[in-house]
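A.B. asks: my_file_6.cif (mmCIF, C-alpha atoms) pasted underneath:
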```cif
data_input
#
loop_
_atom_site.label_atom_id
_atom_site.label_comp_id
_atom_site.auth_asym_id
_atom_site.auth_seq_id
_atom_site.Cartn_x
_atom_site.Cartn_y
_atom_site.Cartn_z
CA MET M 1 20.43 56.40 11.07
CA SER M 2 20.78 55.41 7.39
CA GLU M 3 20.88 58.02 4.64
CA HIS M 4 17.79 58.13 2.42
CA HIS M 5 16.95 59.89 -0.86
CA THR M 6 14.12 59.65 -3.40
CA ILE M 7 14.13 60.15 -7.17
CA LEU M 8 11.58 60.08 -9.99
CA GLY M 9 8.91 61.75 -7.92
CA GLY M 10 9.31 59.44 -4.95
CA LYS M 11 8.91 56.26 -7.01
CA VAL M 12 12.47 55.10 -6.29
CA HIS M 13 14.28 55.21 -2.95
CA VAL M 14 18.06 55.31 -2.68
CA TYR M 15 19.46 54.56 0.75
CA LYS M 16 22.55 53.33 2.52
CA ARG M 17 22.47 50.80 5.34
CA PRO M 18 24.56 51.35 8.48
CA ASN M 19 28.08 49.90 8.24
CA SER M 20 27.77 49.62 4.44
CA SER M 21 29.60 51.69 1.87
CA SER M 22 27.33 50.82 -1.08
CA TRP M 23 24.03 52.47 -1.87
CA GLN M 24 20.85 50.41 -2.21
CA CYS M 25 17.73 51.18 -4.26
CA ALA M 26 14.13 50.08 -3.85
CA THR M 27 10.73 50.56 -5.45
CA TYR M 28 7.19 49.20 -5.23
CA LEU M 29 6.08 47.92 -8.63
CA ALA M 30 3.37 45.48 -9.76
CA GLY M 31 2.28 44.71 -6.21
CA LYS M 32 5.72 43.82 -4.93
CA ASN M 33 8.60 45.56 -3.14
CA ARG M 34 11.78 45.25 -5.21
CA ARG M 35 15.29 45.95 -4.01
CA THR M 36 18.81 45.67 -5.32
CA THR M 37 22.26 47.05 -4.61
CA THR M 38 23.81 49.69 -6.84
CA LYS M 39 27.36 48.62 -5.86
CA GLU M 40 28.23 52.31 -5.96
CA ASP M 41 29.81 54.44 -3.22
CA SER M 42 28.97 57.70 -5.00
CA LEU M 43 25.44 59.04 -4.45
CA SER M 44 25.22 60.57 -7.93
CA LYS M 45 26.25 57.33 -9.63
CA ALA M 46 23.89 55.38 -7.38
CA LYS M 47 20.98 57.61 -8.45
CA GLU M 48 21.84 57.05 -12.12
CA PHE M 49 21.93 53.28 -11.56
CA ALA M 50 18.61 53.35 -9.68
CA GLU M 51 16.91 55.32 -12.45
CA ASP M 52 18.11 52.90 -15.14
CA TRP M 53 17.10 49.92 -12.99
CA TYR M 54 13.60 51.30 -12.46
CA LEU M 55 13.09 52.04 -16.16
CA GLN M 56 14.20 48.51 -17.04
CA LEU M 57 11.63 47.10 -14.61
CA ARG M 58 8.93 49.24 -16.19
CA GLY M 59 9.91 47.95 -19.63
CA LYS M 60 9.75 44.32 -18.47
CA LEU M 61 6.35 44.96 -16.90
CA ARG M 62 5.05 46.45 -20.16
CA ASP M 63 6.37 43.50 -22.20
CA GLY M 64 4.92 40.93 -19.80
CA GLU M 65 8.33 39.73 -18.66
CA LEU M 66 7.84 40.92 -15.07
CA LYS M 67 5.63 38.48 -13.25
CA THR M 68 3.25 39.75 -10.59
CA GLY M 69 1.54 37.97 -7.76
CA ARG M 70 2.12 36.50 -4.32
CA MET M 71 5.50 35.16 -3.28
CA PHE M 72 6.16 31.44 -3.04
CA ARG M 73 7.42 31.80 0.53
CA ASP M 74 4.03 33.27 1.51
CA ALA M 75 2.22 30.28 0.00
CA ALA M 76 4.61 27.87 1.75
CA LYS M 77 4.08 29.59 5.09
CA LEU M 78 0.30 29.47 4.66
CA TYR M 79 0.42 25.79 3.66
CA LEU M 80 2.43 24.75 6.73
CA ARG M 81 0.13 26.72 9.02
CA GLU M 82 -3.00 25.12 7.56
CA PHE M 83 -1.39 21.67 7.54
CA ASP M 84 -0.48 21.83 11.23
CA ILE M 85 -3.90 23.09 12.30
CA MET M 86 -6.06 20.84 10.15
CA THR M 87 -4.17 17.55 10.54
CA GLN M 88 -3.68 17.45 14.30
CA GLY M 89 -3.82 13.81 15.32
CA GLN M 90 -4.63 12.66 11.78
CA ARG M 91 -1.19 12.42 10.21
CA ASN M 92 1.89 10.67 11.51
CA ALA M 93 4.17 13.04 13.45
CA THR M 94 7.19 11.94 11.41
CA TYR M 95 5.37 12.77 8.17
CA ALA M 96 4.40 16.20 9.53
CA ARG M 97 8.01 16.96 10.46
CA GLY M 98 9.07 15.84 7.00
CA GLN M 99 6.71 18.35 5.39
CA HIS M 100 8.33 21.18 7.34
CA ALA M 101 11.84 19.90 6.60
CA ARG M 102 11.23 19.58 2.87
CA THR M 103 9.54 22.97 2.65
CA ASN M 104 12.00 25.01 4.71
CA GLY M 105 15.11 23.01 3.85
CA TYR M 106 14.81 22.75 0.05
CA LEU M 107 11.75 24.35 -1.54
CA VAL M 108 11.75 27.80 0.09
CA PRO M 109 15.52 28.39 -0.40
CA PHE M 110 15.08 27.72 -4.13
CA PHE M 111 11.62 29.14 -4.93
CA GLY M 112 11.10 31.51 -1.99
CA SER M 113 11.91 34.81 -3.72
CA MET M 114 9.86 33.96 -6.84
CA VAL M 115 6.26 35.01 -7.40
CA LEU M 116 3.95 32.04 -7.95
CA PRO M 117 3.15 32.70 -11.66
CA GLU M 118 6.90 32.80 -12.30
CA ILE M 119 7.29 29.14 -11.26
CA THR M 120 6.71 27.22 -14.47
CA ALA M 121 7.36 23.62 -15.47
CA GLY M 122 10.82 24.77 -16.60
CA LYS M 123 11.61 26.23 -13.17
CA ILE M 124 10.49 23.03 -11.48
CA ASN M 125 12.79 21.05 -13.75
CA GLU M 126 15.61 23.45 -12.84
CA TYR M 127 14.89 22.59 -9.21
CA ARG M 128 15.26 18.87 -9.95
CA ILE M 129 18.60 19.48 -11.66
CA HIS M 130 19.73 21.73 -8.80
CA ARG M 131 18.92 19.02 -6.22
CA LEU M 132 20.69 16.31 -8.24
CA GLU M 133 23.84 18.38 -8.71
CA GLU M 134 23.87 19.57 -5.10
CA ALA M 135 23.48 16.05 -3.70
CA LYS M 136 26.20 14.63 -5.96
CA ALA M 137 28.59 17.43 -4.93
CA SER M 138 27.96 16.96 -1.20
CA ARG M 139 27.35 13.19 -0.86
CA GLY M 140 28.62 11.75 -4.10
CA LYS M 141 25.24 10.31 -5.12
CA PRO M 142 21.88 11.74 -6.22
CA PRO M 143 18.83 11.81 -3.93
CA ALA M 144 16.69 8.68 -3.91
CA HIS M 145 13.74 8.60 -6.28
CA SER M 146 11.36 8.49 -3.29
CA THR M 147 13.03 11.58 -1.78
CA MET M 148 12.53 13.63 -4.94
CA HIS M 149 8.98 12.32 -5.26
CA GLN M 150 8.14 13.46 -1.72
CA GLU M 151 9.54 16.93 -2.38
CA ILE M 152 7.46 17.31 -5.53
CA VAL M 153 4.39 16.12 -3.63
CA THR M 154 5.02 18.82 -1.02
CA LEU M 155 5.49 21.40 -3.78
CA ARG M 156 2.16 20.33 -5.32
CA GLN M 157 0.44 20.74 -1.95
CA ILE M 158 1.78 24.30 -1.65
CA PHE M 159 0.44 25.18 -5.09
CA LYS M 160 -2.93 23.60 -4.23
CA THR M 161 -3.07 25.87 -1.18
CA ALA M 162 -2.36 28.92 -3.35
CA LEU M 163 -5.02 27.78 -5.84
CA ARG M 164 -7.64 27.43 -3.11
CA HIS M 165 -6.96 30.99 -1.95
CA GLY M 166 -7.11 32.42 -5.47
CA TRP M 167 -3.44 33.36 -5.65
CA ILE M 168 -3.04 31.45 -8.93
CA ASP M 169 -5.52 30.35 -11.56
CA HIS M 170 -3.87 27.08 -12.61
CA MET M 171 -1.29 24.53 -11.48
CA PRO M 172 2.05 24.23 -13.29
CA ASP M 173 3.01 20.92 -14.89
CA MET M 174 5.11 19.04 -12.34
CA SER M 175 5.67 15.78 -14.22
CA ALA M 176 9.27 14.71 -14.69
CA PRO M 177 10.38 15.06 -18.33
CA TYR M 178 12.53 12.54 -20.23
CA ARG M 179 11.51 9.77 -17.87
CA ALA M 180 9.87 6.51 -18.85
CA SER M 181 7.20 4.94 -16.72
CA ALA M 182 8.72 3.71 -13.51
CA LYS M 183 9.38 -0.04 -13.52
CA ILE M 184 7.48 -1.92 -10.85
CA SER M 185 10.09 -3.19 -8.43
CA HIS M 186 8.83 -6.16 -6.46
CA ARG M 187 9.66 -6.00 -2.77
CA ALA M 188 12.58 -8.02 -1.44
CA TRP M 189 11.31 -10.94 0.67
CA PHE M 190 12.44 -14.32 1.99
CA SER M 191 11.20 -17.42 0.24
CA PRO M 192 9.99 -20.23 2.56
CA GLU M 193 13.41 -21.89 2.34
CA GLU M 194 15.25 -18.61 2.96
CA TYR M 195 12.97 -17.67 5.84
CA LYS M 196 13.65 -21.01 7.52
CA GLN M 197 17.38 -20.46 6.98
CA LEU M 198 17.10 -17.01 8.58
CA TYR M 199 15.20 -17.94 11.72
CA GLU M 200 17.39 -21.01 12.28
CA ALA M 201 20.43 -18.71 12.08
CA THR M 202 18.95 -16.18 14.53
CA ARG M 203 17.97 -19.02 16.88
CA LYS M 204 21.52 -20.37 16.78
CA ARG M 205 22.92 -16.89 17.51
CA ALA M 206 20.48 -16.47 20.42
CA GLN M 207 21.54 -19.81 21.93
CA HIS M 208 25.26 -19.29 21.29
CA PRO M 209 26.09 -15.58 21.00
CA LYS M 210 29.63 -14.68 19.97
CA GLN M 211 29.89 -12.57 23.10
CA PRO M 212 27.79 -13.32 26.21
CA ARG M 213 27.04 -9.63 26.78
CA PHE M 214 25.10 -9.59 23.50
CA ARG M 215 22.84 -12.52 24.40
CA TRP M 216 19.84 -10.27 25.14
CA GLU M 217 20.14 -8.50 21.76
CA ALA M 218 20.41 -11.87 19.96
CA GLU M 219 17.37 -13.30 21.74
CA GLN M 220 15.36 -10.16 21.01
CA LEU M 221 16.35 -10.28 17.35
CA HIS M 222 15.27 -13.92 17.02
CA ASP M 223 11.85 -13.13 18.48
CA TYR M 224 11.57 -9.99 16.33
CA VAL M 225 12.12 -12.04 13.16
CA LEU M 226 9.47 -14.58 14.15
CA PHE M 227 7.03 -11.94 15.41
CA SER M 228 7.29 -9.74 12.30
CA ALA M 229 7.06 -12.60 9.83
CA ASN M 230 3.92 -13.88 11.56
CA THR M 231 2.14 -10.52 11.94
CA GLY M 232 3.16 -8.47 8.90
CA LEU M 233 3.72 -5.32 10.97
CA ARG M 234 5.78 -2.49 9.50
CA PRO M 235 9.09 -1.92 11.35
CA ASP M 236 7.91 1.39 12.80
CA GLU M 237 4.66 -0.24 13.95
CA ALA M 238 6.55 -3.03 15.69
CA MET M 239 8.94 -0.59 17.39
CA CYS M 240 6.00 1.46 18.76
CA LEU M 241 4.14 -1.60 20.02
CA GLN M 242 3.42 -1.74 23.75
CA PHE M 243 2.45 -4.82 25.74
CA ARG M 244 -1.03 -3.41 26.36
CA ASP M 245 -1.57 -3.38 22.58
CA VAL M 246 -1.26 -7.18 22.29
CA LYS M 247 -3.70 -9.81 23.53
CA VAL M 248 -3.50 -13.59 23.32
CA ILE M 249 -6.90 -14.89 22.18
CA GLU M 250 -8.58 -18.06 20.99
CA ASP M 251 -9.74 -17.37 17.45
CA GLU M 252 -13.22 -18.73 16.84
CA GLY M 253 -12.83 -19.00 13.08
CA SER M 254 -9.60 -21.01 13.00
CA GLY M 255 -9.68 -22.53 16.49
CA GLN M 256 -6.07 -21.44 16.99
CA THR M 257 -4.38 -19.40 19.70
CA ILE M 258 -3.24 -16.16 18.07
CA LEU M 259 -2.41 -12.55 18.88
CA GLU M 260 -4.86 -9.67 18.47
CA ILE M 261 -2.85 -6.47 18.02
CA GLU M 262 -3.85 -2.81 18.14
CA VAL M 263 -1.46 -1.14 15.72
CA ARG M 264 -0.36 2.49 15.77
CA GLY M 265 1.79 3.65 12.90
CA LYS M 266 1.83 4.95 9.34
CA ARG M 267 -1.93 4.57 8.81
CA GLY M 268 -3.02 5.71 12.25
CA ILE M 269 -4.73 3.11 14.47
CA GLY M 270 -5.57 -0.27 12.99
CA PHE M 271 -5.90 -3.90 14.00
CA CYS M 272 -4.04 -7.08 13.13
CA LYS M 273 -4.50 -10.77 13.83
CA SER M 274 -1.33 -12.84 13.79
CA THR M 275 -0.71 -16.43 12.87
CA ALA M 276 -0.20 -18.97 15.63
CA GLY M 277 3.55 -18.68 15.12
CA ALA M 278 3.68 -15.26 16.80
CA VAL M 279 2.34 -16.41 20.19
CA ARG M 280 5.46 -18.15 21.50
CA PRO M 281 7.82 -15.26 20.64
CA PHE M 282 5.43 -12.85 22.38
CA GLU M 283 5.36 -14.98 25.53
CA ARG M 284 9.16 -15.04 25.60
CA LEU M 285 9.26 -11.24 25.23
CA LYS M 286 6.96 -10.89 28.26
CA THR M 287 9.15 -13.02 30.52
CA ARG M 288 12.63 -12.10 29.29
CA PRO M 289 14.68 -10.00 31.74
CA ARG M 290 16.04 -6.81 30.22
CA PRO M 291 19.39 -5.20 31.04
CA ASP M 292 19.32 -2.00 33.05
CA GLY M 293 20.26 1.36 31.58
CA GLY M 294 20.22 2.64 28.04
CA PRO M 295 17.51 4.50 26.18
CA GLY M 296 14.19 2.68 26.13
CA ARG M 297 15.52 -0.36 27.96
CA THR M 298 12.54 -0.78 30.22
CA GLY M 299 10.82 -4.07 30.75
CA SER M 300 10.94 -6.88 33.29
CA ARG M 301 11.93 -5.51 36.69
CA LYS M 302 13.63 -7.24 39.59
CA GLU M 303 11.69 -6.91 42.85
CA ASN M 304 12.54 -8.89 46.00
CA GLY M 305 15.10 -10.87 44.04
CA GLU M 306 12.63 -11.98 41.33
CA TRP M 307 12.08 -10.70 37.81
CA GLN M 308 8.65 -9.19 37.25
CA GLN M 309 6.71 -9.06 34.01
CA PRO M 310 6.91 -5.78 32.08
CA GLY M 311 4.27 -3.14 32.58
CA PRO M 312 1.48 -2.55 30.06
CA THR M 313 3.02 0.65 28.66
CA GLU M 314 6.47 -0.80 28.05
CA LEU M 315 7.72 -1.58 24.53
CA LEU M 316 8.00 -5.06 23.10
CA PHE M 317 11.10 -4.05 21.16
CA PRO M 318 12.86 -1.14 22.90
CA LYS M 319 15.89 -1.58 20.66
CA TRP M 320 16.42 -2.62 17.03
CA SER M 321 19.74 -4.45 16.49
CA ARG M 322 20.24 -3.48 12.86
CA ASP M 323 23.95 -4.29 12.80
CA LEU M 324 23.39 -7.78 14.20
CA PHE M 325 20.54 -8.41 11.73
CA ASN M 326 22.69 -7.33 8.78
CA ALA M 327 25.64 -9.38 10.05
CA ILE M 328 23.53 -12.55 10.14
CA LEU M 329 22.18 -11.82 6.66
CA GLU M 330 25.74 -11.46 5.40
CA GLU M 331 26.84 -14.71 7.06
CA GLU M 332 23.91 -16.60 5.56
CA LYS M 333 24.34 -14.89 2.15
CA LEU M 334 20.83 -13.48 2.40
CA ARG M 335 21.72 -9.79 2.32
CA VAL M 336 20.26 -9.28 -1.17
CA ASP M 337 17.73 -11.19 -3.21
CA ARG M 338 18.38 -12.66 -6.64
CA ASP M 339 17.71 -9.28 -8.31
CA GLY M 340 20.19 -7.44 -6.12
CA ARG M 341 17.60 -5.71 -3.91
CA PRO M 342 18.82 -5.37 -0.31
CA ARG M 343 16.82 -7.05 2.41
CA THR M 344 15.90 -5.03 5.48
CA ALA M 345 13.54 -5.34 8.44
CA TYR M 346 10.75 -4.39 6.03
CA SER M 347 11.45 -7.63 4.13
CA LEU M 348 9.87 -9.54 7.02
CA ARG M 349 6.56 -7.78 6.36
CA HIS M 350 6.90 -8.60 2.67
CA THR M 351 7.62 -12.21 3.63
CA TYR M 352 4.44 -12.40 5.71
CA ILE M 353 2.32 -11.15 2.80
CA CYS M 354 3.94 -13.46 0.25
CA LEU M 355 3.70 -16.53 2.49
CA ARG M 356 0.01 -15.82 3.15
CA LEU M 357 -0.58 -15.59 -0.60
CA LEU M 358 1.34 -18.81 -1.17
CA GLU M 359 -0.99 -20.52 1.31
CA GLY M 360 -3.99 -19.32 -0.66
CA ALA M 361 -5.26 -16.67 1.77
CA ASP M 362 -7.84 -14.18 0.52
CA ILE M 363 -6.07 -11.10 -0.84
CA TYR M 364 -8.72 -8.72 0.52
CA GLN M 365 -8.34 -10.11 4.05
CA ILE M 366 -4.56 -9.82 3.80
CA ALA M 367 -4.89 -6.18 2.76
CA LYS M 368 -7.16 -5.44 5.73
CA ASN M 369 -4.86 -7.25 8.16
CA CYS M 370 -1.79 -5.39 6.85
CA ARG M 371 -3.55 -2.01 6.68
CA THR M 372 -2.86 -1.55 2.99
CA SER M 373 -4.81 -1.82 -0.26
CA VAL M 374 -5.54 -4.76 -2.54
CA GLU M 375 -4.00 -2.74 -5.37
CA MET M 376 -0.68 -2.46 -3.53
CA ILE M 377 -0.58 -6.18 -2.84
CA GLU M 378 -1.45 -7.08 -6.43
CA LYS M 379 1.14 -4.62 -7.75
CA TYR M 380 4.10 -5.41 -5.52
CA TYR M 381 3.54 -8.91 -4.15
CA ALA M 382 1.09 -11.16 -5.97
CA ALA M 383 2.54 -10.32 -9.39
CA HIS M 384 5.73 -12.31 -8.80
CA LEU M 385 4.35 -15.40 -7.07
CA LYS M 386 4.20 -18.21 -9.59
CA THR M 387 1.78 -20.22 -7.45
CA GLN M 388 -0.83 -17.51 -7.98
CA LEU M 389 -1.07 -18.54 -11.63
CA ASP M 390 -3.91 -21.02 -12.05
CA ALA M 391 -2.97 -23.37 -14.88
CA SER M 392 -6.50 -24.74 -15.07
CA ALA M 393 -7.76 -21.22 -15.75
CA ILE M 394 -4.95 -20.42 -18.19
CA ASN M 395 -4.84 -23.57 -20.31
CA VAL M 396 -8.47 -23.40 -21.38
CA MET M 397 -9.29 -25.00 -24.73
CA ARG M 398 -12.48 -24.00 -26.45
CA PRO M 399 -14.28 -27.13 -27.77
CA ARG M 400 -14.18 -27.28 -31.54
CA PRO M 401 -17.59 -27.02 -33.22
CA LYS M 402 -18.84 -30.23 -34.83
CA LYS M 403 -19.20 -30.14 -38.58
CA ASP M 404 -22.74 -30.27 -39.86
CA VAL M 405 -22.47 -33.05 -42.45
CA ALA M 406 -26.20 -33.49 -42.90
CA LYS M 407 -26.27 -31.02 -45.75
CA LYS M 408 -23.01 -32.11 -47.36
CA GLY M 409 -23.10 -35.89 -47.35
CA PRO M 410 -24.89 -39.05 -46.35
CA LYS M 411 -26.65 -39.28 -43.05
CA ARG M 412 -24.31 -39.88 -40.14
CA VAL M 413 -24.56 -43.35 -38.60
CA GLU M 414 -24.44 -43.18 -34.78
CA PRO M 415 -21.96 -45.63 -33.23
CA GLN M 416 -23.44 -48.47 -31.26
CA PRO M 417 -22.67 -48.94 -27.58
CA LEU M 418 -19.70 -51.18 -27.02
CA ALA M 419 -21.65 -54.03 -25.44
CA GLU M 420 -24.11 -54.19 -28.33
CA ALA M 421 -21.45 -53.87 -30.99
CA MET M 422 -19.68 -56.88 -29.63
#
```
Rewrite the structure of this file - the entire thing - as structure tokens.
C.D. replies:
Amino acid sequence: MSEHHTILGGKVHVYKRPNSSSWQCATYLAGKNRRTTTKEDSLSKAKEFAEDWYLQLRGKLRDGELKTGRMFRDAAKLYLREFDIMTQGQRNATYARGQHARTNGYLVPFFGSMVLPEITAGKINEYRIHRLEEAKASRGKPPAHSTMHQEIVTLRQIFKTALRHGWIDHMPDMSAPYRASAKISHRAWFSPEEYKQLYEATRKRAQHPKQPRFRWEAEQLHDYVLFSANTGLRPDEAMCLQFRDVKVIEDEGSGQTILEIEVRGKRGIGFCKSTAGAVRPFERLKTRPRPDGGPGRTGSRKENGEWQQPGPTELLFPKWSRDLFNAILEEEKLRVDRDGRPRTAYSLRHTYICLRLLEGADIYQIAKNCRTSVEMIEKYYAAHLKTQLDASAINVMRPRPKKDVAKKGPKRVEPQPLAEAM
């Protein structure tokens, strides 16, 4: 059992933990339990230290330097509990896991022992500096801008939770200082010529793979490129797509055979109608035999010596061949666009949007089909397509007003028609 003593009328406790030679001291002040180590082995010296420590705390409380209130870790715990209960089935599971990871992995270790009123704009800036220095020391590069943005968003949500429960009376300023407005970076995409170069290269690799055992991966990649560029699906949406989510239909409006897709992904459940160019790749995916073994490699099955079509719950793309995709981009010198932005699987979605805009499609219908907003498309896609600039609307010349010469000179003689004048 640990030794325990009290001083100052029971306001301060001095105790020693088992297997420890140093005395500890604790008190309850301003609504919070406070503890520290005296670093003393002598009980008399420990009591002197504890008394001085307590009086210093009282002085800080009197001068307003000792903040009072609920702990940040309590607000974070409450936020995660409410988030999990109130968003069941409404937020993407990956996003929900990210909220827990950001809170418990970064925010609580830094802010956890602070009371909420103690966390000011300066403390939040200290957190940014801490994360930048820590990441550079461990990985040699700072966190991505989007990573830091997501962490600050999570921090803001925690403070909003505390505000709703009356734990604080205002939100601290969380804006990043010394930073200019972020430059709009247009998404990397493939121009019509580059897109043709890409799918011709993937087709060639599918027909003549460098190693026969990689033929299935090459064929799948070729169909993935065509499918994504003709549907505009996000990579995670395409990878979650099951055969029961896709139907081949005759579109009444266009008279074409297209795909009608039920999409599950970042924005929950939505719908998409493809172009006619996605039908043939989908039909090949349905009939292509798939190798046995490996995670997610389900699909066409061999029964009685014949390959059977995949079941309705099986994935269109059970595997993403990122290395093969990047290798082909490198071979074709398409790895980055002219501004140095790297191209990824997401670039195929960007290509779909840009090509639809180039063809003159309605921007509102594109936004609905891609499950995004018109604002996002105008901001990141339409702004850098030169064909969206209407010269007839730009080069407008206001007609010059005719001078009224009736008051300033002789009466104007109207010209005669040409036939009469001759």
A.B. asks: Using Å and a single decimal, report how far atom CA of M:Met114 sits from atom CA of M:Pro143.
C.D. replies: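 According to the coordinates, atom CA of M:Pro143 and atom CA of M:Met114 are separated by 24.1 Å.
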A.B. asks: Find the distance between atom CA of M:Met171 and atom CA of M:Gly59 and write it in Å to one decimal.
C.D. replies: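 Separation between atom CA of M:Met171 and atom CA of M:Gly59: 27.2 Å.
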A.B. asks: Report as a list of chain:residue names the residues that result from applying the PyMOL selection byres ((chain M and resi 13) around 8) to the structure here.
C.D. replies: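 Selected by the PyMOL selection byres ((chain M and resi 13) around 8) here: M:His4, M:His5, M:Thr6, M:Ile7, M:Gly10, M:Lys11, M:Val12, M:Val14, M:Tyr15, M:Cys25, M:Ala26, M:Thr27.
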A.B. asks: Expanded to explicit residues, what is the PyMOL selection byres ((chain M and resi 198) around 12) for this file, as a PyMOL selection string?
C.D. replies: chain M and resi 189-197+199-205+221-226+229+325-335+343+347-348+351
A.B. asks: Keeping only C-alpha atoms, write the selected residues to a file as an mmCIF file, in the frame of the given file.
C.D. replies:
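Done, and the output landed in again21.cif:
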```cif
data_model
loop_
_atom_site.group_PDB
_atom_site.id
_atom_site.type_symbol
_atom_site.label_atom_id
_atom_site.label_comp_id
_atom_site.auth_asym_id
_atom_site.auth_seq_id
_atom_site.Cartn_x
_atom_site.Cartn_y
_atom_site.Cartn_z
ATOM 1 C CA TRP M 189 11.310 -10.940 0.670
ATOM 2 C CA PHE M 190 12.440 -14.320 1.990
ATOM 3 C CA SER M 191 11.200 -17.420 0.240
ATOM 4 C CA PRO M 192 9.990 -20.230 2.560
ATOM 5 C CA GLU M 193 13.410 -21.890 2.340
ATOM 6 C CA GLU M 194 15.250 -18.610 2.960
ATOM 7 C CA TYR M 195 12.970 -17.670 5.840
ATOM 8 C CA LYS M 196 13.650 -21.010 7.520
ATOM 9 C CA GLN M 197 17.380 -20.460 6.980
ATOM 10 C CA TYR M 199 15.200 -17.940 11.720
ATOM 11 C CA GLU M 200 17.390 -21.010 12.280
ATOM 12 C CA ALA M 201 20.430 -18.710 12.080
ATOM 13 C CA THR M 202 18.950 -16.180 14.530
ATOM 14 C CA ARG M 203 17.970 -19.020 16.880
ATOM 15 C CA LYS M 204 21.520 -20.370 16.780
ATOM 16 C CA ARG M 205 22.920 -16.890 17.510
ATOM 17 C CA LEU M 221 16.350 -10.280 17.350
ATOM 18 C CA HIS M 222 15.270 -13.920 17.020
ATOM 19 C CA ASP M 223 11.850 -13.130 18.480
ATOM 20 C CA TYR M 224 11.570 -9.990 16.330
ATOM 21 C CA VAL M 225 12.120 -12.040 13.160
ATOM 22 C CA LEU M 226 9.470 -14.580 14.150
ATOM 23 C CA ALA M 229 7.060 -12.600 9.830
ATOM 24 C CA PHE M 325 20.540 -8.410 11.730
ATOM 25 C CA ASN M 326 22.690 -7.330 8.780
ATOM 26 C CA ALA M 327 25.640 -9.380 10.050
ATOM 27 C CA ILE M 328 23.530 -12.550 10.140
ATOM 28 C CA LEU M 329 22.180 -11.820 6.660
ATOM 29 C CA GLU M 330 25.740 -11.460 5.400
ATOM 30 C CA GLU M 331 26.840 -14.710 7.060
ATOM 31 C CA GLU M 332 23.910 -16.600 5.560
ATOM 32 C CA LYS M 333 24.340 -14.890 2.150
ATOM 33 C CA LEU M 334 20.830 -13.480 2.400
ATOM 34 C CA ARG M 335 21.720 -9.790 2.320
ATOM 35 C CA ARG M 343 16.820 -7.050 2.410
ATOM 36 C CA SER M 347 11.450 -7.630 4.130
ATOM 37 C CA LEU M 348 9.870 -9.540 7.020
ATOM 38 C CA THR M 351 7.620 -12.210 3.630
#
```
A.B. asks: From the options M:Ile129, M:Glu378, M:Gly265, M:Leu241, which residue's atoms come nearest to M:Arg91, counting all atoms listed in the file?
C.D. replies: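 Of all the options, M:Gly265 lies closest to M:Arg91.
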A.B. asks: Using all atoms listed in the file, which residue out of M:Phe282, M:Phe110, M:Tyr381, M:Trp53 lies closest to M:Gln220?
C.D. replies: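 Going through M:Phe282, M:Phe110, M:Tyr381, M:Trp53 one by one, the smallest distance to M:Gln220 is for M:Phe282.
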